[in-house]
Structures are given as C-alpha cells and as structure tokens.
>>> print(open('start.pdb').read())   # PDB, C-alpha atoms and all ligand atoms
ATOM      1  CA  MET K   1     161.943 142.995  60.304
ATOM      2  CA  THR K   2     160.208 139.742  59.595
ATOM      3  CA  SER K   3     156.625 139.422  58.440
ATOM      4  CA  GLY K   4     154.285 136.969  60.073
ATOM      5  CA  GLU K   5     151.962 136.394  57.168
ATOM      6  CA  PRO K   6     148.630 134.723  57.787
ATOM      7  CA  GLY K   7     147.767 131.736  55.672
ATOM      8  CA  THR K   8     144.547 133.296  54.391
ATOM      9  CA  GLU K   9     145.010 133.921  50.702
ATOM     10  CA  GLY K  10     142.394 136.246  49.350
ATOM     11  CA  SER K  11     140.839 136.836  52.762
ATOM     12  CA  ALA K  12     138.517 139.798  53.137
ATOM     13  CA  PRO K  13     139.707 142.821  55.107
ATOM     14  CA  GLY K  14     139.468 142.181  58.804
ATOM     15  CA  ALA K  15     138.427 138.564  58.274
ATOM     16  CA  ALA K  16     139.195 136.158  61.127
ATOM     17  CA  ARG K  17     142.565 134.489  60.672
ATOM     18  CA  ASP K  18     143.888 131.286  62.117
ATOM     19  CA  PRO K  19     146.734 132.339  64.423
ATOM     20  CA  GLY K  20     148.180 128.849  64.188
ATOM     21  CA  ALA K  21     148.320 128.834  60.413
ATOM     22  CA  ALA K  22     151.757 128.373  58.886
ATOM     23  CA  PRO K  23     153.185 131.450  57.189
ATOM     24  CA  THR K  24     152.704 131.464  53.431
ATOM     25  CA  ALA K  25     153.269 133.952  50.662
ATOM     26  CA  GLU K  26     151.705 137.390  51.139
ATOM     27  CA  PRO K  27     147.901 137.071  50.980
ATOM     28  CA  VAL K  28     146.292 138.019  47.685
ATOM     29  CA  ALA K  29     144.107 140.778  49.122
ATOM     30  CA  TRP K  30     147.109 142.475  50.745
ATOM     31  CA  SER K  31     149.209 142.099  47.588
ATOM     32  CA  ALA K  32     146.387 143.597  45.546
ATOM     33  CA  LEU K  33     146.217 146.592  47.862
ATOM     34  CA  ARG K  34     149.980 146.988  47.698
ATOM     35  CA  ALA K  35     149.824 146.885  43.875
ATOM     36  CA  GLU K  36     147.010 149.435  43.836
ATOM     37  CA  VAL K  37     149.082 151.845  45.908
ATOM     38  CA  ALA K  38     152.145 151.192  43.719
ATOM     39  CA  ALA K  39     150.156 152.265  40.656
ATOM     40  CA  CYS K  40     148.289 155.128  42.331
ATOM     41  CA  THR K  41     148.223 158.490  40.543
ATOM     42  CA  ARG K  42     145.325 159.907  42.541
ATOM     43  CA  CYS K  43     147.209 163.011  43.695
ATOM     44  CA  PRO K  44     150.144 165.072  42.371
ATOM     45  CA  LEU K  45     152.646 163.432  44.738
ATOM     46  CA  HIS K  46     152.962 160.514  42.318
ATOM     47  CA  ARG K  47     154.985 162.775  40.021
ATOM     48  CA  SER K  48     157.786 163.457  42.498
ATOM     49  CA  ARG K  49     157.994 160.160  44.372
ATOM     50  CA  THR K  50     160.643 157.555  43.679
ATOM     51  CA  GLN K  51     158.168 154.912  44.790
ATOM     52  CA  PRO K  52     155.197 154.687  47.143
ATOM     53  CA  VAL K  53     155.989 153.547  50.674
ATOM     54  CA  PHE K  54     153.399 150.963  51.635
ATOM     55  CA  TYR K  55     154.131 149.094  54.867
ATOM     56  CA  ARG K  56     156.727 147.480  57.090
ATOM     57  CA  GLY K  57     156.017 144.793  59.648
ATOM     58  CA  GLY K  58     154.102 141.667  60.460
ATOM     59  CA  LEU K  59     150.683 141.031  58.984
ATOM     60  CA  ARG K  60     149.122 140.097  62.325
ATOM     61  CA  PRO K  61     150.331 143.142  64.264
ATOM     62  CA  HIS K  62     149.525 143.678  67.898
ATOM     63  CA  LEU K  63     149.665 147.364  67.131
ATOM     64  CA  VAL K  64     150.029 149.541  64.065
ATOM     65  CA  VAL K  65     152.116 152.705  64.167
ATOM     66  CA  VAL K  66     150.764 155.443  61.919
ATOM     67  CA  GLY K  67     153.210 158.132  60.836
ATOM     68  CA  GLU K  68     152.776 161.181  58.668
ATOM     69  CA  ALA K  69     154.646 160.751  55.380
ATOM     70  CA  PRO K  70     157.764 159.119  53.934
ATOM     71  CA  GLY K  71     161.009 161.066  54.058
ATOM     72  CA  ALA K  72     163.965 160.888  51.711
ATOM     73  CA  GLN K  73     165.292 157.548  52.989
ATOM     74  CA  GLU K  74     161.855 155.973  52.927
ATOM     75  CA  ASP K  75     161.233 157.239  49.399
ATOM     76  CA  ARG K  76     164.542 155.756  48.286
ATOM     77  CA  LEU K  77     164.117 152.370  49.990
ATOM     78  CA  GLY K  78     160.334 151.981  49.745
ATOM     79  CA  ARG K  79     159.956 151.195  53.458
ATOM     80  CA  PRO K  80     158.514 153.374  56.225
ATOM     81  CA  PHE K  81     160.526 154.592  59.219
ATOM     82  CA  VAL K  82     163.999 153.643  58.010
ATOM     83  CA  GLY K  83     165.698 156.999  58.550
ATOM     84  CA  ARG K  84     167.003 158.506  61.775
ATOM     85  CA  ALA K  85     163.510 159.072  63.192
ATOM     86  CA  GLY K  86     162.679 155.474  62.340
ATOM     87  CA  ARG K  87     165.690 154.219  64.267
ATOM     88  CA  ARG K  88     164.572 156.213  67.304
ATOM     89  CA  LEU K  89     161.091 154.733  66.962
ATOM     90  CA  ASP K  90     162.464 151.197  66.554
ATOM     91  CA  ALA K  91     164.536 151.691  69.707
ATOM     92  CA  ALA K  92     161.431 152.822  71.601
ATOM     93  CA  LEU K  93     159.425 149.811  70.461
ATOM     94  CA  ALA K  94     162.264 147.461  71.415
ATOM     95  CA  THR K  95     162.582 149.164  74.786
ATOM     96  CA  VAL K  96     158.969 148.366  75.662
ATOM     97  CA  GLY K  97     159.579 144.754  74.663
ATOM     98  CA  LEU K  98     157.740 144.607  71.359
ATOM     99  CA  ASP K  99     158.941 142.024  68.883
ATOM    100  CA  GLU K 100     159.306 143.301  65.326
ATOM    101  CA  ALA K 101     156.646 140.939  63.995
ATOM    102  CA  GLU K 102     154.132 142.312  66.518
ATOM    103  CA  VAL K 103     154.269 145.783  65.003
ATOM    104  CA  GLY K 104     153.157 147.266  61.692
ATOM    105  CA  LEU K 105     154.378 150.639  60.442
ATOM    106  CA  LEU K 106     152.770 152.803  57.794
ATOM    107  CA  ASN K 107     152.091 156.442  56.981
ATOM    108  CA  VAL K 108     149.047 158.582  56.280
ATOM    109  CA  LEU K 109     150.687 159.616  52.983
ATOM    110  CA  LYS K 110     152.170 156.832  50.890
ATOM    111  CA  CYS K 111     154.289 159.148  48.718
ATOM    112  CA  ARG K 112     156.942 161.584  49.871
ATOM    113  CA  PRO K 113     155.811 165.202  49.688
ATOM    114  CA  PRO K 114     158.424 167.549  48.169
ATOM    115  CA  GLY K 115     160.504 169.214  50.863
ATOM    116  CA  ASN K 116     158.871 166.887  53.412
ATOM    117  CA  ARG K 117     155.980 169.354  53.650
ATOM    118  CA  PHE K 118     152.882 167.444  54.668
ATOM    119  CA  ASP K 119     150.115 167.924  52.083
ATOM    120  CA  PRO K 120     146.596 167.828  53.594
ATOM    121  CA  ALA K 121     144.901 167.625  50.186
ATOM    122  CA  ALA K 122     147.056 164.637  49.252
ATOM    123  CA  ALA K 123     146.226 163.075  52.616
ATOM    124  CA  ARG K 124     142.539 163.284  51.758
ATOM    125  CA  SER K 125     143.225 161.607  48.404
ATOM    126  CA  CYS K 126     145.316 158.938  50.100
ATOM    127  CA  ARG K 127     142.857 158.260  52.894
ATOM    128  CA  THR K 128     141.214 155.297  51.219
ATOM    129  CA  HIS K 129     144.554 153.458  51.155
ATOM    130  CA  LEU K 130     145.048 154.050  54.884
ATOM    131  CA  ASP K 131     141.518 152.973  55.757
ATOM    132  CA  ARG K 132     141.802 149.794  53.717
ATOM    133  CA  GLN K 133     145.178 148.923  55.245
ATOM    134  CA  LEU K 134     143.804 149.364  58.765
ATOM    135  CA  ALA K 135     140.650 147.421  57.941
ATOM    136  CA  TRP K 136     142.682 144.534  56.568
ATOM    137  CA  LEU K 137     145.297 144.502  59.328
ATOM    138  CA  ASP K 138     142.608 145.010  61.999
ATOM    139  CA  PRO K 139     145.130 145.852  64.759
ATOM    140  CA  PRO K 140     143.940 145.726  68.372
ATOM    141  CA  ARG K 141     145.818 148.976  69.077
ATOM    142  CA  LEU K 142     147.050 152.039  67.250
ATOM    143  CA  VAL K 143     149.963 154.378  67.902
ATOM    144  CA  THR K 144     150.289 157.689  66.092
ATOM    145  CA  VAL K 145     153.552 159.587  65.779
ATOM    146  CA  GLY K 146     153.323 163.290  65.153
ATOM    147  CA  ALA K 147     150.519 165.821  65.162
ATOM    148  CA  ARG K 148     149.335 165.210  61.624
ATOM    149  CA  ALA K 149     149.009 161.473  62.035
ATOM    150  CA  LEU K 150     147.021 162.035  65.215
ATOM    151  CA  ALA K 151     144.790 164.600  63.483
ATOM    152  CA  ALA K 152     144.162 162.178  60.617
ATOM    153  CA  LEU K 153     142.899 159.485  62.973
ATOM    154  CA  ASP K 154     141.400 161.709  65.652
ATOM    155  CA  PRO K 155     140.477 165.160  64.306
ATOM    156  CA  GLU K 156     139.063 166.219  67.696
ATOM    157  CA  ALA K 157     142.290 165.522  69.579
ATOM    158  CA  PRO K 158     143.937 168.394  71.499
ATOM    159  CA  PRO K 159     147.361 169.686  70.410
ATOM    160  CA  ILE K 160     149.962 166.928  70.347
ATOM    161  CA  LEU K 161     151.991 168.157  73.326
ATOM    162  CA  ARG K 162     148.865 168.071  75.472
ATOM    163  CA  CYS K 163     147.799 164.559  74.594
ATOM    164  CA  ALA K 164     150.994 162.657  73.692
ATOM    165  CA  GLY K 165     151.622 159.856  76.153
ATOM    166  CA  ARG K 166     147.949 159.600  77.132
ATOM    167  CA  PRO K 167     145.749 156.810  75.755
ATOM    168  CA  ARG K 168     142.708 157.764  73.689
ATOM    169  CA  THR K 169     140.213 156.049  71.414
ATOM    170  CA  ALA K 170     139.983 156.634  67.674
ATOM    171  CA  LEU K 171     138.367 154.731  64.827
ATOM    172  CA  GLY K 172     136.875 152.461  67.475
ATOM    173  CA  ARG K 173     140.315 151.341  68.644
ATOM    174  CA  PRO K 174     142.580 152.188  71.581
ATOM    175  CA  LEU K 175     145.081 154.789  70.413
ATOM    176  CA  PHE K 176     148.308 155.994  71.993
ATOM    177  CA  PRO K 177     149.702 159.269  70.588
ATOM    178  CA  LEU K 178     153.429 159.966  70.552
ATOM    179  CA  ILE K 179     155.260 163.087  69.484
ATOM    180  CA  HIS K 180     157.188 162.598  66.260
ATOM    181  CA  PRO K 181     160.653 161.134  66.927
ATOM    182  CA  ALA K 182     162.113 163.624  64.433
ATOM    183  CA  ALA K 183     160.876 166.431  66.693
ATOM    184  CA  VAL K 184     162.976 165.235  69.645
ATOM    185  CA  ARG K 185     165.694 167.867  69.320
ATOM    186  CA  SER K 186     166.028 169.222  72.843
ATOM    187  CA  HIS K 187     166.835 167.788  76.241
ATOM    188  CA  ALA K 188     163.312 168.572  77.420
ATOM    189  CA  LEU K 189     161.725 166.776  74.477
ATOM    190  CA  ALA K 190     164.113 163.831  74.863
ATOM    191  CA  ARG K 191     162.942 163.492  78.472
ATOM    192  CA  ARG K 192     159.304 163.827  77.335
ATOM    193  CA  TRP K 193     159.873 161.173  74.656
ATOM    194  CA  ALA K 194     161.372 158.755  77.199
ATOM    195  CA  ASP K 195     158.492 159.376  79.635
ATOM    196  CA  ASP K 196     155.921 158.804  76.900
ATOM    197  CA  VAL K 197     157.643 155.589  75.812
ATOM    198  CA  ASP K 198     157.509 154.406  79.443
ATOM    199  CA  ALA K 199     153.779 155.195  79.429
ATOM    200  CA  LEU K 200     153.416 153.282  76.170
ATOM    201  CA  GLY K 201     154.965 150.228  77.811
ATOM    202  CA  ALA K 202     152.547 150.516  80.723
ATOM    203  CA  TRP K 203     149.597 150.907  78.324
ATOM    204  CA  LEU K 204     150.683 147.763  76.531
ATOM    205  CA  GLY K 205     151.177 145.904  79.802
ATOM    206  CA  ARG K 206     154.822 145.317  78.909
ATOM    207  CA  ARG K 207     157.754 145.785  81.161
ATOM    208  CA  GLY K 208     160.499 147.755  79.558
ATOM    209  CA  ALA K 209     163.131 145.506  78.049
ATOM    210  CA  GLY K 210     165.737 148.180  77.525
ATOM    211  CA  PRO K 211     167.239 151.158  79.333
ATOM    212  CA  ARG K 212     165.953 154.702  78.856
ATOM    213  CA  GLU K 213     169.435 155.601  77.636
ATOM    214  CA  ALA K 214     168.685 153.558  74.494
ATOM    215  CA  LEU K 215     165.986 156.067  73.563
TER     216      LEU K 215
HETATM  217  S1  LIG Q   1     150.136 160.073  48.110
HETATM  218 FE1  LIG Q   1     148.539 158.476  48.114
HETATM  219  S2  LIG Q   1     146.887 159.292  46.790
HETATM  220 FE2  LIG Q   1     148.778 160.456  46.328
HETATM  221  S3  LIG Q   1     149.690 159.348  44.578
HETATM  222 FE3  LIG Q   1     150.640 158.566  46.477
HETATM  223  S4  LIG Q   1     149.423 156.734  46.970
HETATM  224 FE4  LIG Q   1     148.200 157.954  45.521
END
>>> encode(input="start.pdb", output="structure tokens")
Amino acid sequence: MTSGEPGTEGSAPGAARDPGAAPTAEPVAWSALRAEVAACTRCPLHRSRTQPVFYRGGLRPHLVVVGEAPGAQEDRLGRPFVGRAGRRLDAALATVGLDEAEVGLLNVLKCRPPGNRFDPAAARSCRTHLDRQLAWLDPPRLVTVGARALAALDPEAPPILRCAGRPRTALGRPLFPLIHPAAVRSHALARRWADDVDALGAWLGRRGAGPREAL
C-alpha cells in the first residue's frame, strides 16, 4: 500500500492540507505521534508486544477503518490487517473500488493482547493514541470492523449483528459498521459479509469493481 503524504510538515492535527501538494517525507506531527506510540508503556501490553502496530495507508484517507487489536502477524510485521482477516478486508475494499491510498487502517489497541483477548482496560489507556490519530487524519468517513471497535467509537450502538451494514454517526462523522472479517466462518456469515460490503459500496457511492466471489 502506498502512502499519499501531505506536504505539511509539522501541521497541527486536522489542519487544512493542500491536496495538490507534492508528496514529501512523513509530516513531523505524524512521525512524532508514531514515535510516541512506539515508546508507549502506558499499559501492561507493552511487555508482551513485539512492537506497537501504528497505521497502514495513505495520510489523506477518504475513510479510516478502525479494527480492534493487532494479531500475531500484525505484531510480527508492525502493520495492521496483514493476516488472513486483513486479506479479506483488503479484498472487500478493492471490491467496492477503493484505491489503497484512499484508505487508512488502524486499531483501537496498538499492541497485541496475549491470546488475542481484547483488553478493555488497555483500550482505555490507549484511547488517547486513537483520538489523536483520528484528529490528525481527519477522515470524512469511518468504518469499524468488529463489535469492540464499534463500541469504542459508538458506545450506544446496538449489538453488531443488528447494526452491521447500516450507516450511523459517531464522533461527529459518518460511520459504517462491519462485522469482523475473522468472524466470517459460516456460509450465512459469508453471505452477510458480502451483503454488507455491497451496502458499503452504496454508502460510498462507488460501484463495485470486483465480483462477490472475491469476498
Ligand atoms: S496498548 Fe496502547 S497504551 Fe498500551 S502500551 Fe500499547 S500503545 Fe501504550
């Protein structure tokens, strides 16, 4: 995935950026946030992680996908959504016609929880990193994958199977919840996933670029 970096070194979070500016090195403010997360010892997960998993994608994203926590592959490679679930998600995003640079991917938790058990207390400790990433990226739209990511952004949301595939608003932004791609383990959920991805494409105003079979 390529990064479309704005030419706004040291820009404040959410500051207006010149869309015509030539790509430069990663902006100072974003690098500083990345370094802060890399050195973070705010919760016990820093002891078991290989490395924090900060972000993958363009720096002027049309939408940001918020997941729950890094898994084993992500912990090893330092990039979010690079395991099997990530490949399913990438296929979905490609199917609705999104270019890689239009999308940003991150997690509520930056460090892998042992046994992949989501840690709500760690999520509270990590929240400031998430809020600062979203403030800096300032995406026009959000997508959550999984119940815990949805709950983090929209605590009042109904259970995930009731609201996945239906647009909402959270944090003052349009939000589209998806079930977690790792949860798609049955024919019924595979059909639900494909239907929700179709609905995502409609929400984005994109015509699907790929076949449902690719999902
Ligand atoms: S999970 Fe978040 S708060 Fe905890 S150590 Fe990692 S970066 Fe810091």
>>> resolve_selection(input="start.pdb", expression="the PyMOL selection byres (((chain K and resi 173) around 10) and not hetatm)", output="list in words")
Asp138, Pro139, Pro140, Arg141, Leu142, Arg168, Thr169, Ala170, Leu171, Gly172, Pro174, Leu175 and Phe176 of chain K
>>> write_last_selection(input="start.pdb", atoms="C-alpha atoms", output="mmCIF file, keeping the file's coordinate frame")
data_model
loop_
_atom_site.group_PDB
_atom_site.id
_atom_site.type_symbol
_atom_site.label_atom_id
_atom_site.label_comp_id
_atom_site.auth_asym_id
_atom_site.auth_seq_id
_atom_site.Cartn_x
_atom_site.Cartn_y
_atom_site.Cartn_z
ATOM 1 C CA ASP K 138 142.608 145.010 61.999
ATOM 2 C CA PRO K 139 145.130 145.852 64.759
ATOM 3 C CA PRO K 140 143.940 145.726 68.372
ATOM 4 C CA ARG K 141 145.818 148.976 69.077
ATOM 5 C CA LEU K 142 147.050 152.039 67.250
ATOM 6 C CA ARG K 168 142.708 157.764 73.689
ATOM 7 C CA THR K 169 140.213 156.049 71.414
ATOM 8 C CA ALA K 170 139.983 156.634 67.674
ATOM 9 C CA LEU K 171 138.367 154.731 64.827
ATOM 10 C CA GLY K 172 136.875 152.461 67.475
ATOM 11 C CA PRO K 174 142.580 152.188 71.581
ATOM 12 C CA LEU K 175 145.081 154.789 70.413
ATOM 13 C CA PHE K 176 148.308 155.994 71.993
#
>>> resolve_selection(input="start.pdb", expression="the PyMOL selection byres (((chain K and resi 79-92) around 7) and not hetatm)", output="list in words")
Val53, Phe54, Tyr55, Arg56, Pro70, Gln73, Glu74, Leu77, Gly78, Leu93, Ala94, Thr95, Val96, Leu105, Leu106, Pro181, Ala182, Val197, Ala214 and Leu215 of chain K
>>> axis_aligned_box(input="start.pdb", around="ligand LIG 1 (chain Q)", padding_each_side="5 Å", output="lines of an AutoDock Vina configuration file")
center_x = 148.8
center_y = 158.6
center_z = 46.3
size_x = 13.8
size_y = 13.7
size_z = 13.5
>>> residues_around(input="start.pdb", residues="K:Arg148", least_positions_apart="6", cutoff="9 Å", atoms="only C-alpha atoms", output="short mmCIF file (atom, residue, chain, number, x, y, z; two decimals) with C-alpha atoms, in the coordinates of the input")
data_model
loop_
_atom_site.label_atom_id
_atom_site.label_comp_id
_atom_site.auth_asym_id
_atom_site.auth_seq_id
_atom_site.Cartn_x
_atom_site.Cartn_y
_atom_site.Cartn_z
CA GLY K 67 153.21 158.13 60.84
CA GLU K 68 152.78 161.18 58.67
CA VAL K 108 149.05 158.58 56.28
CA PHE K 118 152.88 167.44 54.67
CA PRO K 120 146.60 167.83 53.59
CA ILE K 160 149.96 166.93 70.35
#
>>> resolve_selection(input="start.pdb", expression="the PyMOL selection byres (((not hetatm)) within 7 of (chain Q and resi 1))", output="CSV table (one decimal) with C-alpha atoms, in the coordinates of the input")
chain,number,residue,atom,x,y,z
K,37,VAL,CA,149.1,151.8,45.9
K,38,ALA,CA,152.1,151.2,43.7
K,40,CYS,CA,148.3,155.1,42.3
K,41,THR,CA,148.2,158.5,40.5
K,42,ARG,CA,145.3,159.9,42.5
K,43,CYS,CA,147.2,163.0,43.7
K,44,PRO,CA,150.1,165.1,42.4
K,45,LEU,CA,152.6,163.4,44.7
K,46,HIS,CA,153.0,160.5,42.3
K,52,PRO,CA,155.2,154.7,47.1
K,109,LEU,CA,150.7,159.6,53.0
K,110,LYS,CA,152.2,156.8,50.9
K,111,CYS,CA,154.3,159.1,48.7
K,122,ALA,CA,147.1,164.6,49.3
K,123,ALA,CA,146.2,163.1,52.6
K,125,SER,CA,143.2,161.6,48.4
K,126,CYS,CA,145.3,158.9,50.1
>>> closest_atom_pairs(input="start.pdb", of="stretch 96-136 of chain K", to="stretch 203-207 of chain K", cutoff="12 Å", atoms="all atoms listed in the file", output="Markdown table")
| residue | atom | partner | partner_atom | distance |
| --- | --- | --- | --- | --- |
| K:Val96 | CA | K:Arg206 | CA | 6.1 |
| K:Gly97 | CA | K:Arg206 | CA | 6.4 |
| K:Leu98 | CA | K:Arg206 | CA | 8.1 |
| K:Asp99 | CA | K:Arg206 | CA | 11.3 |
| K:Glu102 | CA | K:Leu204 | CA | 11.9 |
>>> atom_distance(input="start.pdb", atom1="atom CA of K:Leu59", atom2="atom CA of K:Pro27")
9.4 Å
>>> atom_distance(input="start.pdb", atom1="atom CA of K:His180", atom2="atom CA of K:Asp196")
11.4 Å
>>> atom_distance(input="start.pdb", atom1="atom CA of K:Val145", atom2="atom CA of K:Ser31")
25.6 Å
>>> closest_residue(input="start.pdb", among="K:Ala194, K:Ala69, K:Ala29, K:Ala164", to="K:Asp119", atoms="all atoms listed in the file")
K:Ala69
>>> closest_residue(input="start.pdb", among="K:Arg117, K:Arg112, K:Arg132, K:Arg60", to="K:Glu36", atoms="all atoms listed in the file")
K:Arg132
